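Raw contents of work-v1.txt, compact mmCIF, C-alpha atoms:
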```txt
# COMPACT_ATOMS: atom_id res chain seq x y z
CA MET A 1082 19.84 5.50 -12.39
CA GLY A 1083 16.73 5.71 -10.28
CA TYR A 1084 16.33 1.93 -9.95
CA ARG A 1085 19.97 0.91 -9.59
CA ARG A 1086 22.78 1.48 -7.15
CA SER A 1087 26.44 1.36 -8.02
CA ASP A 1088 27.42 0.95 -4.35
CA THR A 1089 24.99 -0.86 -2.04
CA SER A 1090 27.39 -0.77 0.92
CA ARG A 1091 26.37 2.77 1.83
CA THR A 1092 22.84 1.84 2.93
CA SER A 1093 21.60 -0.79 5.36
CA LEU A 1094 18.57 -1.51 3.18
CA TYR A 1095 20.50 -4.30 1.46
CA ASP A 1096 22.07 -5.64 4.65
CA ALA A 1097 21.20 -9.31 5.13
CA GLU A 1098 21.23 -9.11 8.93
CA ARG A 1099 18.91 -6.10 8.96
CA ILE A 1100 16.52 -7.88 6.60
CA ALA A 1101 16.55 -11.01 8.77
CA ARG A 1102 15.84 -8.98 11.94
CA GLY A 1103 13.00 -7.20 10.19
CA ARG A 1104 11.45 -10.47 9.05
CA GLU A 1105 11.57 -11.75 12.64
CA GLN A 1106 9.70 -8.67 13.82
CA LEU A 1107 7.08 -9.17 11.12
CA ASP A 1108 6.53 -12.72 12.28
CA LYS A 1109 5.67 -11.42 15.77
CA SER A 1110 2.91 -9.12 14.51
CA GLN A 1111 -0.68 -10.18 15.09
CA CYS A 1112 -2.17 -7.69 12.60
CA TYR A 1113 -1.09 -6.52 9.17
CA LEU A 1114 -2.59 -3.32 7.77
CA LEU A 1115 -1.96 -3.15 4.03
CA ASP A 1116 -2.15 -0.27 1.57
CA MET A 1117 -3.52 -0.98 -1.90
CA ASP A 1118 -1.96 1.13 -4.67
CA GLN A 1119 1.63 0.12 -5.44
CA THR A 1120 1.69 -2.07 -2.31
CA LEU A 1121 -0.78 -4.94 -2.66
CA ALA A 1122 -1.64 -3.94 -6.21
CA ARG A 1123 1.41 -3.38 -8.42
CA TYR A 1124 1.22 -1.08 -11.42
CA ARG A 1125 3.33 -1.06 -14.55
CA THR A 1126 5.06 2.11 -13.49
CA PRO A 1127 6.42 3.50 -16.79
CA ALA A 1128 3.02 3.11 -18.48
CA VAL A 1129 1.22 4.86 -15.60
CA TYR A 1130 3.74 7.71 -15.51
CA GLU A 1131 3.32 8.31 -19.24
CA LEU A 1132 -0.47 8.25 -18.90
CA VAL A 1133 -0.48 10.78 -16.04
CA HIS A 1134 1.80 13.10 -18.01
CA ARG A 1135 -0.47 12.88 -21.05
CA ALA A 1136 -3.70 13.22 -19.07
CA LEU A 1137 -2.67 16.39 -17.23
CA LEU A 1138 -1.22 18.18 -20.23
CA SER A 1139 -4.28 17.23 -22.31
CA PHE A 1140 -6.53 18.83 -19.70
CA MET A 1141 -4.44 22.02 -19.75
CA VAL A 1142 -4.70 22.25 -23.54
CA ASP A 1143 -8.31 21.17 -23.95
CA ASN A 1144 -9.81 23.03 -20.98
CA LYS A 1145 -7.48 25.94 -20.18
CA GLY A 1146 -6.29 27.09 -23.57
CA TYR A 1147 -2.64 26.11 -23.26
CA PRO A 1148 -0.64 25.66 -26.48
CA ALA A 1149 -1.62 22.54 -28.42
CA ALA A 1150 2.06 21.65 -28.72
CA LEU A 1151 2.04 20.59 -25.05
CA LYS A 1152 -0.06 17.57 -26.01
CA GLU A 1153 2.66 16.50 -28.42
CA VAL A 1154 5.73 16.76 -26.18
CA ALA A 1155 7.45 13.45 -25.56
CA PHE A 1156 7.25 11.77 -22.19
CA GLU A 1157 10.71 11.75 -20.56
CA PRO A 1158 11.00 8.85 -18.06
CA GLY A 1159 14.43 10.01 -16.89
CA PHE A 1160 12.87 13.12 -15.34
CA CYS A 1161 10.46 11.10 -13.16
CA LEU A 1162 12.05 10.27 -9.82
CA LYS A 1163 10.23 9.78 -6.52
CA GLY A 1164 11.26 12.35 -3.92
CA LEU A 1165 11.69 15.38 -6.16
CA VAL A 1166 10.28 18.69 -4.95
CA PHE A 1167 8.73 21.52 -6.94
CA ASP A 1168 9.20 24.91 -5.31
CA THR A 1169 6.22 26.99 -6.43
CA GLU A 1170 7.98 30.28 -5.68
CA THR A 1171 11.10 29.69 -7.74
CA GLY A 1172 9.71 27.30 -10.34
CA ASP A 1173 12.60 24.93 -9.66
CA VAL A 1174 12.48 21.15 -9.44
CA LEU A 1175 14.83 20.05 -6.66
CA LYS A 1176 16.43 16.91 -5.33
CA ILE A 1177 16.95 17.28 -1.57
CA ASP A 1178 19.22 15.33 0.75
CA GLU A 1179 18.51 14.21 4.31
CA HIS A 1180 19.82 17.49 5.77
CA GLY A 1181 17.88 19.83 3.48
CA ALA A 1182 20.77 20.52 1.12
CA ILE A 1183 19.93 20.86 -2.56
CA CYS A 1184 21.95 18.25 -4.37
CA ARG A 1185 20.44 18.98 -7.76
CA ALA A 1186 18.20 21.72 -9.18
CA ARG A 1187 16.61 22.43 -12.51
CA HIS A 1188 14.47 25.35 -13.65
CA GLY A 1189 11.97 23.95 -16.12
CA PHE A 1190 12.72 21.06 -18.41
CA ALA A 1191 14.66 22.54 -21.32
CA ALA A 1192 17.43 24.20 -19.32
CA PRO A 1193 20.38 22.24 -17.91
CA PHE A 1194 20.87 21.67 -14.21
CA LEU A 1195 21.74 24.77 -12.24
CA THR A 1196 25.39 25.06 -11.31
CA GLN A 1197 26.46 25.09 -7.67
CA GLU A 1198 26.94 28.84 -7.90
CA GLN A 1199 23.44 29.35 -9.30
CA VAL A 1200 21.89 27.17 -6.62
CA LYS A 1201 23.65 29.04 -3.82
CA ALA A 1202 22.65 32.40 -5.33
CA LYS A 1203 18.99 31.39 -5.11
CA TYR A 1204 19.21 29.36 -1.91
CA PRO A 1205 21.76 30.65 0.63
CA GLY A 1206 24.25 27.96 1.59
CA GLY A 1207 22.67 25.61 -0.92
CA LEU A 1208 19.95 24.76 1.63
CA TRP A 1209 16.26 24.60 0.84
CA PRO A 1210 14.49 26.93 3.31
CA LYS A 1211 11.22 24.90 3.36
CA PHE A 1212 12.88 21.64 4.35
CA GLN A 1213 11.60 21.56 7.92
CA LYS A 1214 8.03 22.03 6.74
CA MET A 1215 8.44 18.99 4.55
CA VAL A 1216 9.97 16.96 7.39
CA ASN A 1217 7.00 17.89 9.60
CA ARG A 1218 4.55 16.85 6.88
CA GLU A 1219 3.20 20.41 6.74
CA ARG A 1220 1.64 21.98 3.69
CA GLY A 1221 3.40 24.85 1.98
CA ASP A 1222 4.31 26.47 -1.31
CA PHE A 1223 5.91 23.30 -2.63
CA PHE A 1224 5.01 19.83 -3.85
CA LEU A 1225 6.81 16.67 -2.76
CA PHE A 1226 6.35 14.01 -5.42
CA ASN A 1227 6.05 10.80 -3.46
CA THR A 1228 3.54 8.42 -5.06
CA LEU A 1229 2.89 6.54 -8.26
CA PHE A 1230 0.22 9.06 -9.22
CA ASP A 1231 2.16 12.28 -8.61
CA VAL A 1232 5.81 11.52 -9.50
CA PRO A 1233 5.24 12.44 -13.19
CA VAL A 1234 3.68 15.74 -12.10
CA ALA A 1235 7.26 16.98 -11.60
CA LEU A 1236 7.78 16.69 -15.35
CA VAL A 1237 4.43 18.39 -16.01
CA CYS A 1238 5.45 21.30 -13.75
CA ALA A 1239 8.77 21.64 -15.55
CA ARG A 1240 7.02 21.72 -18.93
CA LEU A 1241 4.59 24.38 -17.70
CA VAL A 1242 7.41 26.50 -16.24
CA ASP A 1243 9.08 26.52 -19.65
CA ASN A 1244 5.80 27.46 -21.32
CA GLU A 1245 5.13 30.35 -18.93
CA ASP A 1246 8.71 31.63 -18.85
CA ALA A 1247 8.67 31.85 -22.64
CA SER A 1248 5.46 33.89 -22.68
CA ARG A 1249 6.14 36.37 -19.87
CA GLU A 1250 8.80 39.04 -19.71
CA SER A 1251 8.50 40.18 -16.08
CA ARG A 1252 10.98 38.51 -13.77
CA ASP A 1253 12.35 39.51 -10.41
CA ALA A 1254 16.01 40.10 -9.63
CA LYS A 1255 16.62 36.42 -8.85
CA GLY A 1256 15.49 35.35 -12.28
CA HIS A 1257 12.09 33.87 -11.48
CA GLN A 1258 8.50 35.05 -11.41
CA ALA A 1259 6.81 35.81 -8.12
CA ALA A 1260 3.98 33.39 -8.88
CA TYR A 1261 3.25 31.01 -11.71
CA ALA A 1262 -0.17 31.44 -13.25
CA PHE A 1263 -0.41 27.77 -14.25
CA LEU A 1264 -0.64 26.53 -10.66
CA PRO A 1265 -4.41 27.03 -10.17
CA HIS A 1266 -4.98 25.39 -13.54
CA LEU A 1267 -2.78 22.44 -12.55
CA PHE A 1268 -4.79 22.02 -9.35
CA GLU A 1269 -7.92 21.88 -11.49
CA ALA A 1270 -6.29 19.29 -13.73
CA LEU A 1271 -5.39 17.12 -10.75
CA GLU A 1272 -8.89 17.37 -9.29
CA HIS A 1273 -10.46 16.60 -12.66
CA THR A 1274 -8.17 13.59 -13.09
CA TYR A 1275 -8.13 12.13 -9.57
CA GLY A 1276 -11.05 13.71 -7.67
CA PRO A 1277 -13.44 11.32 -5.85
CA PRO A 1278 -16.14 11.30 -8.58
CA ALA A 1279 -13.65 10.95 -11.46
CA PHE A 1280 -13.58 7.16 -11.68
CA GLY A 1281 -17.34 6.67 -11.52
CA GLU A 1282 -17.95 9.45 -14.03
CA ARG A 1283 -15.26 8.14 -16.41
CA ARG A 1284 -13.85 11.65 -16.29
CA GLY A 1285 -10.71 12.76 -18.07
CA LEU A 1286 -8.15 10.50 -19.71
CA PHE A 1287 -6.60 8.61 -16.80
CA PHE A 1288 -9.36 6.37 -15.39
CA PRO A 1289 -10.99 5.60 -18.76
CA SER A 1290 -7.60 4.42 -20.04
CA LEU A 1291 -7.16 2.09 -17.05
CA LEU A 1292 -10.66 0.69 -17.54
CA ALA A 1293 -10.15 0.16 -21.26
CA SER A 1294 -6.89 -1.79 -20.91
CA PRO A 1295 -6.14 -2.97 -17.34
CA SER A 1296 -3.32 -5.28 -18.40
CA THR A 1297 -1.43 -2.31 -19.85
CA PHE A 1298 -1.19 -0.74 -16.42
CA LEU A 1299 -1.54 -3.54 -13.83
CA TRP A 1300 0.16 -6.79 -12.90
CA LYS A 1301 -1.86 -9.81 -11.83
CA ARG A 1302 -1.00 -10.87 -8.27
CA PRO A 1303 -1.37 -14.67 -7.83
CA ARG A 1304 1.80 -14.89 -5.76
CA VAL A 1305 0.70 -12.20 -3.31
CA THR A 1306 -2.75 -13.82 -3.19
CA SER A 1307 -1.14 -17.08 -2.04
CA TRP A 1308 0.90 -15.25 0.58
CA LEU A 1309 -2.17 -13.47 1.99
CA GLN A 1310 -4.05 -16.76 2.18
CA ALA A 1311 -1.13 -18.38 3.99
CA GLU A 1312 -0.83 -15.52 6.49
CA LYS A 1313 -4.54 -15.66 7.23
CA ALA A 1314 -4.33 -19.43 7.73
CA LYS A 1315 -1.69 -18.78 10.42
CA GLY A 1316 -4.28 -16.78 12.36
CA ARG A 1317 -2.90 -13.36 11.47
CA ASN A 1318 -5.50 -10.61 10.98
CA LEU A 1319 -5.25 -8.80 7.64
CA PHE A 1320 -6.85 -5.42 6.94
CA LEU A 1321 -6.88 -3.37 3.75
CA VAL A 1322 -6.50 0.38 4.43
CA THR A 1323 -6.50 2.48 1.25
CA ASN A 1324 -6.96 6.12 0.32
CA SER A 1325 -8.81 5.04 -2.81
CA GLN A 1326 -12.56 5.24 -3.17
CA VAL A 1327 -14.78 2.15 -3.10
CA ASP A 1328 -15.47 1.96 -6.82
CA PHE A 1329 -11.85 2.35 -7.89
CA SER A 1330 -10.67 -0.10 -5.21
CA GLU A 1331 -13.21 -2.65 -6.43
CA PHE A 1332 -11.82 -2.37 -9.94
CA ILE A 1333 -8.15 -2.54 -8.95
CA MET A 1334 -8.59 -5.42 -6.51
CA GLN A 1335 -10.70 -7.46 -8.93
CA GLU A 1336 -8.13 -6.99 -11.67
CA SER A 1337 -5.22 -7.81 -9.35
CA PHE A 1338 -6.65 -10.54 -7.09
CA GLY A 1339 -9.86 -11.77 -8.70
CA ALA A 1340 -13.55 -11.46 -7.89
CA ASP A 1341 -13.19 -13.03 -4.41
CA TRP A 1342 -10.56 -10.55 -3.20
CA ARG A 1343 -12.57 -9.57 -0.11
CA ALA A 1344 -12.11 -13.07 1.33
CA LEU A 1345 -8.41 -12.24 1.78
CA PHE A 1346 -9.12 -9.64 4.49
CA ASP A 1347 -10.68 -9.39 7.94
CA GLY A 1348 -11.76 -5.80 7.35
CA ILE A 1349 -11.45 -2.94 4.87
CA VAL A 1350 -11.12 0.85 5.13
CA PHE A 1351 -11.70 2.85 1.95
CA PHE A 1352 -10.96 6.54 1.40
CA ALA A 1353 -8.87 6.59 4.59
CA ARG A 1354 -7.40 10.04 3.84
CA LYS A 1355 -4.11 9.04 5.42
CA GLY A 1356 -2.53 12.39 4.61
CA LYS A 1357 -5.44 14.46 5.96
CA GLY A 1358 -6.68 12.93 9.18
CA PHE A 1359 -6.23 9.18 9.54
CA PHE A 1360 -2.67 9.50 10.87
CA GLU A 1361 -2.97 12.98 12.34
CA LEU A 1362 -3.58 14.01 15.96
CA PRO A 1363 -6.67 16.25 15.61
CA ALA A 1364 -8.76 17.57 18.49
CA VAL A 1365 -11.78 15.89 16.87
CA LYS A 1366 -11.05 12.43 15.50
CA THR A 1367 -12.73 11.52 12.24
CA PRO A 1368 -15.09 8.60 12.85
CA PHE A 1369 -15.35 5.52 10.71
CA PHE A 1370 -18.45 5.51 8.52
CA ARG A 1371 -20.33 2.54 7.19
CA LEU A 1372 -20.89 2.30 3.44
CA LYS A 1373 -24.29 3.71 2.56
CA ASN A 1374 -24.66 1.30 -0.37
CA ASP A 1375 -23.59 -2.34 -0.16
CA THR A 1376 -21.51 -3.08 -3.26
CA ARG A 1377 -20.12 -6.46 -2.23
CA GLY A 1378 -20.37 -9.18 -4.84
CA LEU A 1379 -21.11 -6.83 -7.72
CA ALA A 1380 -18.80 -6.98 -10.69
CA CYS A 1381 -17.11 -3.79 -11.74
CA GLY A 1382 -19.26 -2.40 -14.52
CA GLU A 1383 -22.62 -3.41 -13.02
CA SER A 1384 -23.25 -1.15 -10.02
CA VAL A 1385 -19.85 -0.44 -8.54
CA CYS A 1386 -18.26 1.47 -11.39
CA PRO A 1387 -21.02 3.38 -13.23
CA GLY A 1388 -21.34 7.15 -13.07
CA GLY A 1389 -22.64 8.91 -10.00
CA GLY A 1390 -20.27 7.50 -7.38
CA ALA A 1391 -23.05 5.88 -5.33
CA ALA A 1392 -20.59 3.28 -4.07
CA ASN A 1393 -18.59 5.99 -2.29
CA GLU A 1394 -21.41 7.60 -0.27
CA LEU A 1395 -21.02 7.78 3.52
CA GLY A 1396 -23.46 5.92 5.69
CA GLU A 1397 -23.89 6.27 9.45
CA ALA A 1398 -20.93 6.59 11.80
CA ALA A 1399 -19.77 3.27 13.23
CA PRO A 1400 -19.19 3.28 17.01
CA THR A 1401 -16.95 0.20 16.77
CA LEU A 1402 -15.28 -1.78 14.02
CA GLU A 1403 -16.54 -5.29 13.42
CA MET A 1404 -14.47 -8.11 11.97
CA GLY A 1405 -15.39 -8.47 8.32
CA GLY A 1406 -16.70 -4.90 8.20
CA GLU A 1407 -16.13 -2.30 5.49
CA TYR A 1408 -15.78 1.37 6.35
CA LEU A 1409 -14.85 4.81 5.03
CA GLN A 1410 -12.44 7.39 6.51
CA GLY A 1411 -11.73 7.05 10.25
CA HIS A 1412 -8.81 7.64 12.60
CA HIS A 1413 -6.07 5.22 13.59
CA SER A 1414 -6.77 5.55 17.32
CA LEU A 1415 -10.32 4.23 16.86
CA MET A 1416 -9.19 0.85 15.55
CA SER A 1417 -9.08 -1.02 18.87
CA GLY A 1418 -12.00 -3.21 17.78
CA TRP A 1419 -9.73 -4.66 15.14
CA LEU A 1420 -6.27 -4.36 16.66
CA GLY A 1421 -6.99 -5.41 20.24
CA HIS A 1422 -5.36 -3.95 23.32
CA ASP A 1423 -1.74 -4.07 22.15
CA PRO A 1424 -1.40 -2.01 18.97
CA SER A 1425 2.39 -2.46 19.09
CA ASN A 1426 1.75 -5.90 17.59
CA THR A 1427 0.53 -4.18 14.40
CA THR A 1428 2.52 -3.69 11.21
CA TYR A 1429 1.52 -1.28 8.47
CA PHE A 1430 2.66 -1.86 4.86
CA GLY A 1431 2.72 1.07 2.42
CA ASP A 1432 4.57 2.73 -0.43
CA HIS A 1433 3.94 6.38 0.50
CA LEU A 1434 7.02 7.18 2.53
CA MET A 1435 5.47 10.25 4.15
CA ALA A 1436 1.75 9.47 4.56
CA ASP A 1437 2.32 5.77 5.23
CA VAL A 1438 5.76 5.16 6.75
CA LYS A 1439 6.65 8.46 8.44
CA ALA A 1440 3.09 9.13 9.59
CA VAL A 1441 2.87 5.66 11.15
CA ARG A 1442 6.05 6.27 13.11
CA ASP A 1443 5.08 9.85 14.05
CA CYS A 1444 1.56 9.08 15.25
CA THR A 1445 1.27 5.42 16.31
CA SER A 1446 3.09 2.63 18.11
CA TRP A 1447 2.87 0.40 15.04
CA GLN A 1448 5.88 -0.65 13.02
CA ALA A 1449 6.08 0.19 9.32
CA VAL A 1450 7.17 -1.73 6.24
CA ALA A 1451 8.10 0.45 3.26
CA VAL A 1452 7.41 -0.86 -0.23
CA VAL A 1453 10.08 0.91 -2.29
CA SER A 1454 9.96 -0.18 -5.91
CA GLU A 1455 13.24 1.65 -6.56
CA LEU A 1456 15.10 -1.15 -4.78
CA ARG A 1457 14.74 -3.34 -7.84
CA ALA A 1458 13.34 -2.89 -11.35
CA ARG A 1459 10.51 -5.28 -12.15
CA GLU A 1460 10.77 -4.77 -15.92
CA PRO A 1461 13.56 -3.36 -18.12
CA SER A 1462 11.69 -0.14 -18.91
CA GLU A 1463 11.88 0.84 -15.23
CA ASP A 1464 15.65 1.20 -15.46
CA ALA A 1465 15.24 4.54 -17.25
CA LEU A 1466 13.01 6.08 -14.59
CA GLY A 1467 14.71 8.96 -12.78
CA ALA A 1468 18.00 8.48 -14.64
CA THR A 1469 18.37 12.23 -15.20
CA TRP A 1470 18.50 12.80 -11.44
CA GLY A 1471 20.66 9.88 -10.36
CA ASP A 1472 19.91 7.33 -7.66
CA PHE A 1473 16.69 7.56 -5.63
CA PHE A 1474 18.41 6.64 -2.36
CA SER A 1475 21.37 8.99 -2.48
CA CYS A 1476 22.62 12.45 -3.39
CA ASP A 1477 26.03 12.10 -4.98
CA SER A 1478 27.40 15.34 -6.40
CA ASN A 1479 29.38 13.35 -8.94
CA ASP A 1480 26.22 11.97 -10.54
CA ALA A 1481 25.19 15.31 -11.98
CA ALA A 1482 28.30 15.59 -14.09
CA GLU A 1483 27.51 12.22 -15.66
CA GLN A 1484 24.14 13.39 -16.98
CA PRO A 1485 23.58 15.44 -20.14
CA GLY A 1486 23.75 19.09 -19.16
CA GLY A 1487 25.07 18.03 -15.76
CA GLY A 1488 27.30 19.72 -13.27
CA GLY A 1489 24.44 20.89 -11.08
CA GLY A 1490 25.06 18.91 -7.93
CA VAL A 1491 25.53 20.67 -4.63
CA GLY A 1492 24.85 17.89 -2.13
CA GLY A 1493 27.18 17.04 0.70
CA GLY A 1494 25.02 17.23 3.80
CA ALA A 1495 24.07 20.19 5.92
CA GLU A 1496 26.83 22.40 4.63
CA GLY A 1497 26.27 21.57 0.96
CA GLY A 1498 29.92 20.77 0.52
CA GLY A 1499 29.78 17.97 -2.04
CA GLY A 1500 30.20 14.21 -1.77
CA TRP A 1501 27.74 11.46 -0.91
CA THR A 1502 24.68 11.78 1.35
CA ARG A 1503 21.33 10.05 1.51
CA SER A 1504 18.36 11.56 -0.26
CA PHE A 1505 15.58 12.79 2.00
CA LEU A 1506 13.13 10.00 1.14
CA GLY A 1507 15.95 7.47 1.09
CA SER A 1508 16.70 8.38 4.70
CA VAL A 1509 13.01 8.07 5.64
CA ALA A 1510 12.90 4.55 4.23
CA GLU A 1511 16.16 3.49 5.87
CA ASP A 1512 15.56 5.04 9.29
CA LEU A 1513 11.84 4.51 9.89
CA ALA A 1514 10.87 1.23 8.23
CA VAL A 1515 11.53 -2.09 9.95
CA VAL A 1516 11.88 -3.65 6.49
CA CYS A 1517 12.00 -2.20 2.98
CA LEU A 1518 10.65 -4.35 0.15
CA ALA A 1519 10.95 -3.79 -3.58
CA ASP A 1520 7.61 -5.54 -3.93
CA MET A 1521 5.20 -7.44 -1.69
CA ASP A 1522 6.13 -10.61 -3.54
CA ASP A 1523 9.52 -10.42 -1.80
CA LEU A 1524 7.62 -12.01 1.10
CA CYS A 1525 6.29 -14.83 -1.07
CA PRO A 1526 8.98 -17.52 -1.53
CA GLY A 1527 7.69 -20.86 -2.74
CA PHE A 1528 4.53 -19.47 -4.30
CA GLU A 1529 3.83 -19.39 -8.01
CA SER A 1530 5.37 -16.31 -9.60
CA ASP A 1531 3.22 -13.38 -10.64
CA THR A 1532 2.49 -13.30 -14.36
CA ALA A 1533 2.05 -10.42 -16.73
```
Target encoding structure tokens, full file:
Amino acid sequence: MGYRRSDTSRTSLYDAERIARGREQLDKSQCYLLDMDQTLARYRTPAVYELVHRALLSFMVDNKGYPAALKEVAFEPGFCLKGLVFDTETGDVLKIDEHGAICRARHGFAAPFLTQEQVKAKYPGGLWPKFQKMVNRERGDFFLFNTLFDVPVALVCARLVDNEDASRESRDAKGHQAAYAFLPHLFEALEHTYGPPAFGERRGLFFPSLLASPSTFLWKRPRVTSWLQAEKAKGRNLFLVTNSQVDFSEFIMQESFGADWRALFDGIVFFARKGKGFFELPAVKTPFFRLKNDTRGLACGESVCPGGGAANELGEAAPTLEMGGEYLQGHHSLMSGWLGHDPSNTTYFGDHLMADVKAVRDCTSWQAVAVVSELRAREPSEDALGATWGDFFSCDSNDAAEQPGGGGGVGGGAEGGGGWTRSFLGSVAEDLAVVCLADMDDLCPGFESDTA
């Protein structure tokens, strides 16, 4: 299953000596940069996945004329595994190993896994031809599902493939359509659901549901609060760096850490755009901007969270970063005002294995800590997540035969010859992170446990 391993000896992530070495390196860091979503703040993952699935399909039905039955299809947690890829040319959902071999493939949701012969007929040698683009963090005609908010989109894509395949007769010789018409509509659904104004405008189904019942989707974080306070008391500098907008961050941090959450940090960066500029090497580096409107001290629901998104507006560019300051966007190389003259003493914590962990290692001299919730289930309902695809960390060709409609594993490394290999994202976590945590509260021994 996605959150369990039958054999932990095949990865160093569980190795006690590796963990101890990593903790020693963390202790030497002068600065911690911390992501928010699914790192500092911890979501109730199954509930969020179900909500995303429902929100996107509801948009497709209500706004794009898709069959009403799509709003009634059951959410399938077993289909939702971090690290899956949707190939927009073939319409296949794929699980890829560390060498680019396809260890499992499925066309749509209703059909069983493709057999090894079917995979190799579509993909010569059983290798995914766009693998290197993904490794290089390039954009292409594929989606890599890598975060809390996009993992269930794999299931949505599979549902929409089935819907379109059933309504169109034209197929090419390989058995798939040249282009799927639902893709532009899905992009609209994602923008409507997650776009920068969406939270302030109470747009769609996703954000209004979070606002109406935070405890359904979020854990309180008293234990992590105590750890942050203790780290700050040691003289360590703590900075929040999140892709989320100001208004949404205000809501999430208040719900998770209380009204005084800002006191936990020495500086904050909102809307960092870590996948689009913050960790890139552009010719022109995006500056840090001050917040045009000061929202500090305002409760969510007064001025931070109403419609209009005033909290997210850019102010003037900031020539330097001041301790205690709050900023938008920016570029990692412009952080010397916070990090000092030795950025190698900086550790970044994040759950996005590409835009956080791999980007940090590709573009900076910082070390990275990966927060990988798949290491350990926090609640029993998480055990079912990704079960259809097998373990998050590995590609074992024997797993496919154990699943209903199985038999579709290719796997086996660069030659696709079967057996056990690491999954692509599993290898990123193991090779590039100094420590992998199931949750930030793994760092919090002796503090009061988090409560529901």
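Surrounding stretch 1131-1135 of chain A within 10 Å are A:Thr1126, A:Phe1140, A:Leu1151, A:Lys1152, A:Glu1153, A:Val1154, A:Ala1155, A:Phe1156, A:Glu1157, A:Pro1158, A:Cys1161, A:Leu1229, A:Phe1230, A:Asp1231, A:Val1232, A:Pro1233, A:Val1234, A:Ala1235, A:Leu1236, A:Val1237, A:Cys1238, A:Leu1271, A:Thr1274, A:Leu1286, A:Phe1287, A:Phe1288, A:Ser1290, A:Leu1291, A:Phe1298, with only C-alpha atoms counted and residues fewer than 5 positions along the same chain left out.
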Would you tabulate, counting all atoms listed in the file, all residues of stretch 1275-1354 of chain A that have an atom at most 6 Å from an atom of stretch 1408-1411 of chain A, showing the closest pair of atoms and their distance in Å to one decimal, sorted by chain then ascending number, as CSV?
```
residue,atom,partner,partner_atom,distance
A:Val1350,CA,A:Tyr1408,CA,4.8
A:Phe1351,CA,A:Leu1409,CA,4.8
A:Phe1352,CA,A:Gln1410,CA,5.4
A:Ala1353,CA,A:Gln1410,CA,4.1
```
Checklist line | Distance query 10 Å from (17.8, 5.4, 5.7) using only C-alpha atoms, result as number ranges by chain | finding: A: 1091-1094, 1179, 1474-1475, 1503-1514, 1517
For C-alpha atoms, I'd like the residues from the last selection saved as a short mmCIF file (atom, residue, chain, number, x, y, z; two decimals), in the coordinates of the input.
```cif
data_model
loop_
_atom_site.label_atom_id
_atom_site.label_comp_id
_atom_site.auth_asym_id
_atom_site.auth_seq_id
_atom_site.Cartn_x
_atom_site.Cartn_y
_atom_site.Cartn_z
CA ARG A 1091 26.37 2.77 1.83
CA THR A 1092 22.84 1.84 2.93
CA SER A 1093 21.60 -0.79 5.36
CA LEU A 1094 18.57 -1.51 3.18
CA GLU A 1179 18.51 14.21 4.31
CA PHE A 1474 18.41 6.64 -2.36
CA SER A 1475 21.37 8.99 -2.48
CA ARG A 1503 21.33 10.05 1.51
CA SER A 1504 18.36 11.56 -0.26
CA PHE A 1505 15.58 12.79 2.00
CA LEU A 1506 13.13 10.00 1.14
CA GLY A 1507 15.95 7.47 1.09
CA SER A 1508 16.70 8.38 4.70
CA VAL A 1509 13.01 8.07 5.64
CA ALA A 1510 12.90 4.55 4.23
CA GLU A 1511 16.16 3.49 5.87
CA ASP A 1512 15.56 5.04 9.29
CA LEU A 1513 11.84 4.51 9.89
CA ALA A 1514 10.87 1.23 8.23
CA CYS A 1517 12.00 -2.20 2.98
#
```
Check: Pick the closest to A:Asp1477 from A:Ser1454, A:Thr1502, A:Thr1428, A:Ser1337: which is it, counting all atoms listed in the file?
Finding: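 Answer, going by the shortest atom-to-atom distance: A:Thr1502.
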Check: Please, what distance in Å, to one decimal, runs between atom CA of A:Ala1449 and atom CA of A:Trp1209?
Finding: 27.8 Å
Checklist line | Nearest-residue call for A:Leu1518, choices A:Ala1468, A:Val1200, A:Ile1100, A:Met1117, using all atoms listed in the file | finding: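 Residue with the minimum atom-to-atom distance to A:Leu1518: A:Ile1100.
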Next item on the list: Go ahead and compute the interatomic distance for atom CA of A:Thr1401 and atom CA of A:Gly1418, in Å to one decimal.
Entry: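 Value for the atom CA of A:Thr1401-atom CA of A:Gly1418 distance: 6.1 Å.
Minimum atom-to-atom distances from A:Asp1523, A:Pro1193, A:Gly1172, A:Cys1184 to A:Tyr1261 were compared using all atoms listed in the file, and the lowest value belongs to A:Gly1172.
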